[in-house]
>>> print(open('work10.pdb').read())   # PDB, C-alpha atoms
MODEL        1
ATOM      1  CA  MET A  26       7.294  10.258  42.045
ATOM      2  CA  ASN A  27       8.841  11.872  45.088
ATOM      3  CA  SER A  28       6.491  14.840  44.833
ATOM      4  CA  LEU A  29       3.878  12.560  46.395
ATOM      5  CA  ASN A  30       5.856  12.635  49.614
ATOM      6  CA  ARG A  31       4.749  16.230  50.165
ATOM      7  CA  PHE A  32       1.285  14.943  50.981
ATOM      8  CA  PHE A  33       2.062  11.971  53.147
ATOM      9  CA  ASP A  34       1.794  13.915  56.413
ATOM     10  CA  PRO A  35      -1.894  14.802  55.957
ATOM     11  CA  VAL A  36      -2.548  11.260  54.709
ATOM     12  CA  TYR A  37      -0.822   9.854  57.783
ATOM     13  CA  CYS A  38      -2.964  12.128  59.952
ATOM     14  CA  LEU A  39      -6.150  10.916  58.242
ATOM     15  CA  MET A  40      -5.082   7.288  58.567
ATOM     16  CA  ARG A  41      -4.406   7.797  62.294
ATOM     17  CA  LEU A  42      -7.821   9.439  62.659
ATOM     18  CA  ILE A  43      -9.765   6.705  60.830
ATOM     19  CA  VAL A  44      -7.881   3.780  62.358
ATOM     20  CA  GLY A  45      -8.056   5.305  65.848
ATOM     21  CA  LEU A  46     -11.777   6.007  65.644
ATOM     22  CA  MET A  47     -12.561   2.515  64.330
ATOM     23  CA  PHE A  48     -10.489   1.085  67.183
ATOM     24  CA  ALA A  49     -12.335   3.298  69.674
ATOM     25  CA  SER A  50     -15.709   2.201  68.303
ATOM     26  CA  HIS A  51     -14.946  -1.323  69.540
ATOM     27  CA  GLY A  52     -14.383   0.191  72.967
ATOM     28  CA  GLY A  53     -17.640   2.090  72.663
ATOM     29  CA  GLN A  54     -19.346  -1.202  71.891
ATOM     30  CA  ILE A  55     -18.021  -2.790  75.086
ATOM     31  CA  ILE A  56     -18.077   0.122  77.565
ATOM     32  CA  LEU A  57     -20.964   2.246  76.349
ATOM     33  CA  GLY A  58     -23.075  -0.435  74.687
ATOM     34  CA  MET A  59     -23.050   1.420  71.372
ATOM     35  CA  PHE A  60     -23.522  -0.285  67.987
ATOM     36  CA  GLY A  61     -25.692  -2.994  69.493
ATOM     37  CA  GLY A  62     -23.326  -3.753  72.378
ATOM     38  CA  MET A  63     -21.342  -6.934  72.811
ATOM     39  CA  LYS A  64     -21.958 -10.245  74.497
ATOM     40  CA  GLY A  65     -20.058 -10.935  77.728
ATOM     41  CA  SER A  66     -19.065  -7.325  78.268
ATOM     42  CA  GLY A  67     -19.548  -7.689  82.026
ATOM     43  CA  GLU A  68     -16.356  -9.717  82.444
ATOM     44  CA  MET A  69     -13.354  -8.047  84.038
ATOM     45  CA  LEU A  70     -10.975  -8.859  81.166
ATOM     46  CA  ILE A  71     -13.400  -7.561  78.571
ATOM     47  CA  GLN A  72     -13.959  -4.373  80.579
ATOM     48  CA  VAL A  73     -10.207  -3.676  80.739
ATOM     49  CA  ALA A  74      -9.976  -4.392  77.015
ATOM     50  CA  GLY A  75     -12.845  -1.998  76.385
ATOM     51  CA  TRP A  76     -11.143   0.887  78.198
ATOM     52  CA  ILE A  77      -7.876   0.305  76.306
ATOM     53  CA  LEU A  78      -9.807   0.263  73.035
ATOM     54  CA  LEU A  79     -11.814   3.382  73.824
ATOM     55  CA  VAL A  80      -9.122   5.593  75.358
ATOM     56  CA  GLY A  81      -6.228   4.312  73.231
ATOM     57  CA  GLY A  82      -8.275   4.707  70.074
ATOM     58  CA  PHE A  83      -9.139   8.334  70.787
ATOM     59  CA  MET A  84      -5.573   9.207  71.810
ATOM     60  CA  ILE A  85      -4.247   7.729  68.564
ATOM     61  CA  ALA A  86      -6.961   9.397  66.517
ATOM     62  CA  PHE A  87      -6.049  12.871  67.758
ATOM     63  CA  GLY A  88      -2.350  12.192  68.152
ATOM     64  CA  LEU A  89      -2.094  12.774  71.908
ATOM     65  CA  LEU A  90       0.804  10.837  73.512
ATOM     66  CA  THR A  91       0.659   8.860  70.299
ATOM     67  CA  ARG A  92       3.650   6.608  70.868
ATOM     68  CA  LEU A  93       2.558   5.523  74.321
ATOM     69  CA  ALA A  94      -1.059   4.924  73.298
ATOM     70  CA  ALA A  95       0.007   3.074  70.156
ATOM     71  CA  PHE A  96       2.429   0.891  72.116
ATOM     72  CA  ILE A  97      -0.234  -0.188  74.599
ATOM     73  CA  SER A  98      -2.846  -0.725  71.888
ATOM     74  CA  SER A  99      -0.437  -2.703  69.731
ATOM     75  CA  GLY A 100       0.557  -4.980  72.611
ATOM     76  CA  PHE A 101      -3.082  -5.427  73.513
ATOM     77  CA  MET A 102      -3.961  -6.455  69.947
ATOM     78  CA  ALA A 103      -1.072  -8.932  69.911
ATOM     79  CA  VAL A 104      -2.435 -10.519  73.106
ATOM     80  CA  ALA A 105      -5.932 -10.598  71.599
ATOM     81  CA  TYR A 106      -4.631 -12.298  68.467
ATOM     82  CA  PHE A 107      -2.691 -14.985  70.288
ATOM     83  CA  MET A 108      -5.426 -15.580  72.875
ATOM     84  CA  VAL A 109      -8.447 -15.679  70.596
ATOM     85  CA  HIS A 110      -7.402 -16.256  67.003
ATOM     86  CA  ALA A 111      -4.034 -18.024  66.841
ATOM     87  CA  PRO A 112      -5.274 -21.325  68.376
ATOM     88  CA  GLN A 113      -7.719 -21.740  65.480
ATOM     89  CA  GLY A 114      -5.135 -21.983  62.736
ATOM     90  CA  PHE A 115      -2.031 -20.457  61.203
ATOM     91  CA  PHE A 116      -3.317 -18.070  58.549
ATOM     92  CA  PRO A 117      -5.093 -14.910  59.749
ATOM     93  CA  ILE A 118      -7.586 -15.234  56.900
ATOM     94  CA  VAL A 119      -8.669 -18.590  58.329
ATOM     95  CA  THR A 120      -8.642 -17.596  62.013
ATOM     96  CA  LYS A 121     -10.544 -14.355  61.304
ATOM     97  CA  GLY A 122      -7.776 -12.505  63.126
ATOM     98  CA  GLU A 123      -6.936 -10.230  60.231
ATOM     99  CA  LEU A 124      -8.287  -7.129  61.966
ATOM    100  CA  ALA A 125      -6.227  -7.853  65.078
ATOM    101  CA  VAL A 126      -3.070  -8.401  63.015
ATOM    102  CA  PHE A 127      -3.765  -5.245  61.081
ATOM    103  CA  TYR A 128      -4.309  -3.058  64.135
ATOM    104  CA  CYS A 129      -1.284  -4.585  65.853
ATOM    105  CA  TRP A 130       1.097  -3.784  63.001
ATOM    106  CA  VAL A 131      -0.289  -0.371  62.145
ATOM    107  CA  PHE A 132       0.037   0.677  65.789
ATOM    108  CA  LEU A 133       3.531  -0.794  66.011
ATOM    109  CA  PHE A 134       4.498   1.299  63.028
ATOM    110  CA  MET A 135       3.013   4.342  64.779
ATOM    111  CA  VAL A 136       5.150   3.644  67.874
ATOM    112  CA  PHE A 137       8.287   3.872  65.769
ATOM    113  CA  TYR A 138       7.153   6.525  63.347
ATOM    114  CA  GLY A 139       5.701   8.924  65.899
ATOM    115  CA  PRO A 140       2.726  11.283  65.832
ATOM    116  CA  GLY A 141       3.662  13.091  62.612
ATOM    117  CA  ARG A 142       3.360  16.787  61.931
ATOM    118  CA  TRP A 143      -0.426  16.976  62.033
ATOM    119  CA  SER A 144      -1.196  15.905  65.600
ATOM    120  CA  LEU A 145      -1.848  17.249  69.088
ATOM    121  CA  ASP A 146       1.611  16.031  70.090
ATOM    122  CA  ALA A 147       3.253  18.208  67.474
ATOM    123  CA  LEU A 148       1.035  21.106  68.493
ATOM    124  CA  LEU A 149       1.661  20.803  72.236
ATOM    125  CA  PHE A 150       5.218  19.550  72.543
ATOM    126  CA  LYS A 151       6.781  20.822  69.331
ATOM    127  CA  THR A 152       8.710  17.607  68.990
ATOM    128  CA  GLY A 153      10.935  17.083  66.001
ATOM    129  CA  VAL A 154       9.258  14.989  63.362
ATOM    130  CA  PHE A 155      10.661  12.214  61.327
ATOM    131  CA  ALA A 156      11.559  12.840  57.701
ATOM    132  CA  PRO A 157      10.251  10.382  55.146
ATOM    133  CA  ALA A 158      12.672   7.715  54.046
ATOM    134  CA  SER A 159      11.339   6.975  50.632
ATOM    135  CA  ALA A 160      13.294   5.292  47.900
ATOM    136  CA  THR A 161      11.094   5.681  44.866
TER     137      THR A 161
ATOM    138  CA  MET B  23      11.780   9.304  72.249
ATOM    139  CA  ASN B  24      12.934  10.210  68.777
ATOM    140  CA  SER B  25      15.588   7.524  68.901
ATOM    141  CA  LEU B  26      12.735   5.129  68.098
ATOM    142  CA  ASN B  27      12.606   6.634  64.633
ATOM    143  CA  ARG B  28      15.841   4.858  63.773
ATOM    144  CA  PHE B  29      13.820   1.658  63.610
ATOM    145  CA  ALA B  30      10.894   3.040  61.624
ATOM    146  CA  ASN B  31      12.252   1.647  58.360
ATOM    147  CA  PRO B  32      12.497  -2.019  59.332
ATOM    148  CA  VAL B  33       9.081  -1.796  61.037
ATOM    149  CA  TYR B  34       7.615  -0.185  57.935
ATOM    150  CA  CYS B  35       9.085  -3.024  55.889
ATOM    151  CA  ALA B  36       7.489  -5.604  58.202
ATOM    152  CA  LEU B  37       4.153  -3.760  58.067
ATOM    153  CA  ARG B  38       4.255  -3.736  54.271
ATOM    154  CA  LEU B  39       5.100  -7.431  54.236
ATOM    155  CA  ILE B  40       2.303  -8.484  56.605
ATOM    156  CA  VAL B  41      -0.364  -6.235  55.077
ATOM    157  CA  GLY B  42       0.633  -7.215  51.543
ATOM    158  CA  LEU B  43       0.588 -10.932  52.273
ATOM    159  CA  MET B  44      -2.774 -10.749  54.052
ATOM    160  CA  PHE B  45      -4.143  -8.916  51.029
ATOM    161  CA  ALA B  46      -2.653 -11.523  48.679
ATOM    162  CA  CYS B  47      -4.371 -14.253  50.738
ATOM    163  CA  HIS B  48      -7.725 -12.787  49.722
ATOM    164  CA  GLY B  49      -6.596 -12.879  46.109
ATOM    165  CA  GLY B  50      -5.588 -16.528  46.528
ATOM    166  CA  GLN B  51      -9.006 -17.238  47.994
ATOM    167  CA  LYS B  52     -10.829 -15.628  45.073
ATOM    168  CA  LEU B  53      -8.651 -17.065  42.300
ATOM    169  CA  PHE B  54      -7.645 -20.517  43.537
ATOM    170  CA  GLY B  55     -10.148 -21.255  46.296
ATOM    171  CA  LEU B  56      -7.413 -21.378  48.944
ATOM    172  CA  PHE B  57      -8.091 -21.038  52.677
ATOM    173  CA  GLY B  58     -11.514 -22.626  52.502
ATOM    174  CA  GLY B  59     -13.009 -19.878  50.375
ATOM    175  CA  PRO B  60     -14.923 -20.645  47.194
ATOM    176  CA  ALA B  61     -13.182 -19.384  44.047
ATOM    177  CA  GLU B  62     -15.087 -16.565  42.358
ATOM    178  CA  LEU B  63     -13.803 -17.072  38.837
ATOM    179  CA  GLY B  64     -17.265 -17.043  37.270
ATOM    180  CA  ASP B  65     -17.966 -13.476  38.247
ATOM    181  CA  PRO B  66     -15.810 -11.005  36.254
ATOM    182  CA  GLU B  67     -15.743  -8.520  39.117
ATOM    183  CA  GLY B  68     -14.495 -11.195  41.464
ATOM    184  CA  LEU B  69     -11.866 -12.219  38.931
ATOM    185  CA  VAL B  70     -10.535  -8.668  38.567
ATOM    186  CA  ALA B  71     -10.611  -8.175  42.340
ATOM    187  CA  GLY B  72      -8.739 -11.445  42.849
ATOM    188  CA  ILE B  73      -6.039 -10.536  40.329
ATOM    189  CA  ILE B  74      -5.556  -7.098  41.910
ATOM    190  CA  GLU B  75      -5.471  -8.551  45.405
ATOM    191  CA  LEU B  76      -2.972 -11.284  44.602
ATOM    192  CA  GLY B  77      -0.746  -9.195  42.331
ATOM    193  CA  ALA B  78      -0.758  -5.917  44.232
ATOM    194  CA  GLY B  79      -0.549  -7.714  47.566
ATOM    195  CA  ILE B  80       2.640  -9.545  46.608
ATOM    196  CA  LEU B  81       4.132  -6.441  44.965
ATOM    197  CA  VAL B  82       3.480  -4.339  48.082
ATOM    198  CA  ALA B  83       4.811  -7.120  50.309
ATOM    199  CA  VAL B  84       8.186  -7.277  48.569
ATOM    200  CA  GLY B  85       8.219  -3.571  47.754
ATOM    201  CA  LEU B  86       8.339  -3.754  43.966
ATOM    202  CA  PHE B  87       6.531  -0.946  42.082
ATOM    203  CA  THR B  88       5.153  -0.197  45.513
ATOM    204  CA  ARG B  89       3.349   3.039  44.777
ATOM    205  CA  ILE B  90       1.471   1.856  41.696
ATOM    206  CA  ALA B  91       0.493  -1.417  43.367
ATOM    207  CA  ALA B  92      -0.626   0.369  46.535
ATOM    208  CA  LEU B  93      -2.726   2.863  44.573
ATOM    209  CA  LEU B  94      -4.493   0.033  42.708
ATOM    210  CA  ALA B  95      -5.091  -1.882  45.931
ATOM    211  CA  SER B  96      -6.357   1.184  47.774
ATOM    212  CA  GLY B  97      -8.751   2.031  44.965
ATOM    213  CA  GLU B  98     -10.039  -1.509  44.787
ATOM    214  CA  MET B  99     -10.704  -1.528  48.534
ATOM    215  CA  ALA B 100     -12.528   1.803  48.323
ATOM    216  CA  VAL B 101     -14.778   0.380  45.598
ATOM    217  CA  ALA B 102     -15.323  -2.781  47.631
ATOM    218  CA  TYR B 103     -16.243  -0.753  50.698
ATOM    219  CA  PHE B 104     -18.759   1.478  48.953
ATOM    220  CA  GLU B 105     -20.229  -1.345  46.883
ATOM    221  CA  ALA B 106     -20.518  -4.050  49.513
ATOM    222  CA  HIS B 107     -20.430  -2.407  52.939
ATOM    223  CA  ALA B 108     -21.421   1.269  52.896
ATOM    224  CA  VAL B 109     -24.922   0.494  51.667
ATOM    225  CA  ARG B 110     -25.649  -1.559  54.780
ATOM    226  CA  ALA B 111     -24.943   0.938  57.580
ATOM    227  CA  PHE B 112     -22.915   4.066  58.286
ATOM    228  CA  PHE B 113     -20.382   2.840  60.852
ATOM    229  CA  PRO B 114     -17.734   0.376  59.663
ATOM    230  CA  ILE B 115     -18.170  -1.633  62.866
ATOM    231  CA  GLN B 116     -21.797  -2.280  61.911
ATOM    232  CA  ASN B 117     -21.484  -2.847  58.173
ATOM    233  CA  HIS B 118     -18.501  -5.241  58.596
ATOM    234  CA  GLY B 119     -16.368  -3.066  56.358
ATOM    235  CA  GLU B 120     -13.627  -2.399  58.912
ATOM    236  CA  LEU B 121     -11.068  -4.548  57.146
ATOM    237  CA  ALA B 122     -11.769  -2.869  53.819
ATOM    238  CA  VAL B 123     -11.354   0.567  55.431
ATOM    239  CA  LEU B 124      -8.095  -0.458  57.060
ATOM    240  CA  PHE B 125      -6.678  -1.900  53.837
ATOM    241  CA  CYS B 126      -7.801   1.156  51.902
ATOM    242  CA  TRP B 127      -6.120   3.645  54.244
ATOM    243  CA  ALA B 128      -2.993   1.616  54.821
ATOM    244  CA  PHE B 129      -2.446   1.307  51.064
ATOM    245  CA  LEU B 130      -3.175   4.992  50.570
ATOM    246  CA  PHE B 131      -0.531   5.788  53.161
ATOM    247  CA  ILE B 132       1.904   3.408  51.433
ATOM    248  CA  PHE B 133       1.140   5.138  48.122
ATOM    249  CA  PHE B 134       2.154   8.509  49.567
ATOM    250  CA  TYR B 135       4.972   7.295  51.786
ATOM    251  CA  GLY B 136       6.744   5.205  49.176
ATOM    252  CA  SER B 137       8.510   1.898  49.377
ATOM    253  CA  GLY B 138      10.906   2.795  52.189
ATOM    254  CA  ARG B 139      14.547   1.864  52.413
ATOM    255  CA  TRP B 140      14.030  -1.865  52.912
ATOM    256  CA  SER B 141      12.393  -2.865  49.623
ATOM    257  CA  LEU B 142      13.136  -4.178  46.148
ATOM    258  CA  ASP B 143      12.467  -0.708  44.731
ATOM    259  CA  ALA B 144      15.228   0.749  46.907
ATOM    260  CA  LEU B 145      17.546  -2.134  46.028
ATOM    261  CA  ILE B 146      17.026  -1.696  42.280
ATOM    262  CA  LYS B 147      17.446   2.058  42.498
ATOM    263  CA  ARG B 148      20.647   1.730  44.487
ATOM    264  CA  LYS B 149      22.049  -0.702  41.951
ATOM    265  CA  SER B 150      21.193   1.482  38.945
ATOM    266  CA  ASN B 151      22.656   4.540  40.685
ATOM    267  CA  HIS B 152      25.800   2.570  41.329
ATOM    268  CA  ILE B 153      26.090   1.644  37.661
ATOM    269  CA  THR B 154      25.534   5.170  36.394
ATOM    270  CA  HIS B 155      28.089   6.570  38.804
ATOM    271  CA  ALA B 156      30.704   3.970  37.948
TER     272      ALA B 156
ENDMDL
END
>>> encode(input="work10.pdb", output="structure tokens")
Amino acid sequence: MNSLNRFFDPVYCLMRLIVGLMFASHGGQIILGMFGGMKGSGEMLIQVAGWILLVGGFMIAFGLLTRLAAFISSGFMAVAYFMVHAPQGFFPIVTKGELAVFYCWVFLFMVFYGPGRWSLDALLFKTGVFAPASAT
Amino acid sequence: MNSLNRFANPVYCALRLIVGLMFACHGGQKLFGLFGGPAELGDPEGLVAGIIELGAGILVAVGLFTRIAALLASGEMAVAYFEAHAVRAFFPIQNHGELAVLFCWAFLFIFFYGSGRWSLDALIKRKSNHITHA
């Protein structure tokens, strides 16, 4: 089934786009008051979080400085998980922290994997891209 | 920064593990009523969803038949999104379908990317190659 690997670059690009934009929409909720806004968005901590969500999300979506943006976003999601969700229980499904865990790990993977071939990074910096390491 | 790519495989393995186990948790909730959720055994759609979530989640987590399991899981999440969430609003943040979207795309990526080097699939393949070469 290795012929599937030919298509994983566009799929990776689409995943980055969708995940980044969904991440950014949380920022839009806090900073711009979109999607009905969010309670307590006046607080300093929430404001900082909102800017990370908004800017980091867009940078990941379009693949600009992907590794840096993904690293900051991933760390931020880890903090969010341990601050808000982890005290409520062990399993993410119980603490409702599944989204935070998900974003954290997907972004961590992006830090190590890089922007991929279909990204602004690849367009601007012509960096070498990582070859797939598939086994099946 | 390309030296980071050396570690992409173990991180991919960890991602697969976490995502797969979280997905399997939903299956456990639907089939056995774990994690405070009511079991949905009466409803055939819930039963099928639960079996896919538990089975495919564990298979993706350990990396066994990764591509087939990921394709099933991705498809199931797409159906779930369009059936339960998309009808409510356009943006995932408003229709509460974010998790379904994330699962769907992550599994689609896993389907195309493969099981990676750190997985049961890779282990089995290596062993069979070893036998045929010997």
>>> closest_atom_pairs(input="work10.pdb", of="chain B", to="chain A", cutoff="6 Å", atoms="all atoms listed in the file", output="JSON lines")
{"residue": "B:Leu26", "atom": "CA", "partner": "A:Phe137", "partner_atom": "CA", "distance": 5.2}
{"residue": "B:Asn27", "atom": "CA", "partner": "A:Phe137", "partner_atom": "CA", "distance": 5.3}
{"residue": "B:Ala30", "atom": "CA", "partner": "A:Phe137", "partner_atom": "CA", "distance": 5.0}
{"residue": "B:Val33", "atom": "CA", "partner": "A:Phe134", "partner_atom": "CA", "distance": 5.9}
{"residue": "B:Leu37", "atom": "CA", "partner": "A:Trp130", "partner_atom": "CA", "distance": 5.8}
{"residue": "B:Trp127", "atom": "CA", "partner": "A:Met40", "partner_atom": "CA", "distance": 5.7}
{"residue": "B:Phe134", "atom": "CA", "partner": "A:Phe33", "partner_atom": "CA", "distance": 5.0}
{"residue": "B:Tyr135", "atom": "CA", "partner": "A:Phe33", "partner_atom": "CA", "distance": 5.7}
{"residue": "B:Gly136", "atom": "CA", "partner": "A:Ser159", "partner_atom": "CA", "distance": 5.1}
{"residue": "B:Ser137", "atom": "CA", "partner": "A:Ser159", "partner_atom": "CA", "distance": 5.9}
{"residue": "B:Gly138", "atom": "CA", "partner": "A:Ser159", "partner_atom": "CA", "distance": 4.5}
{"residue": "B:Arg139", "atom": "CA", "partner": "A:Ala160", "partner_atom": "CA", "distance": 5.8}
{"residue": "B:Ala144", "atom": "CA", "partner": "A:Ala160", "partner_atom": "CA", "distance": 5.0}
>>> resolve_selection(input="work10.pdb", expression="the PyMOL selection byres ((chain B and resi 117) around 12)", output="list in words")
Phe60 of chain A; Tyr103, Phe104, Glu105, Ala106, His107, Ala108, Val109, Arg110, Ala111, Phe112, Phe113, Pro114, Ile115, Gln116, His118, Gly119, Glu120, Leu121, Ala122 and Val123 of chain B
>>> atom_distance(input="work10.pdb", atom1="atom CA of Ile55 of chain A", atom2="atom CA of Lys121 of chain A")
19.5 Å
>>> axis_aligned_box(input="work10.pdb", around="segment 93-107 of chain A", padding_each_side="4 Å", output="lines of an AutoDock Vina configuration file")
center_x = -1.7
center_y = -4.7
center_z = 71.5
size_x = 16.5
size_y = 28.5
size_z = 14.1
>>> residues_around(input="work10.pdb", residues="His48 of chain B", least_positions_apart="2", cutoff="9 Å", atoms="all atoms listed in the file", output="number ranges by chain")
A: 118; B: 43-46, 50-53, 56-57, 59, 72, 75-76
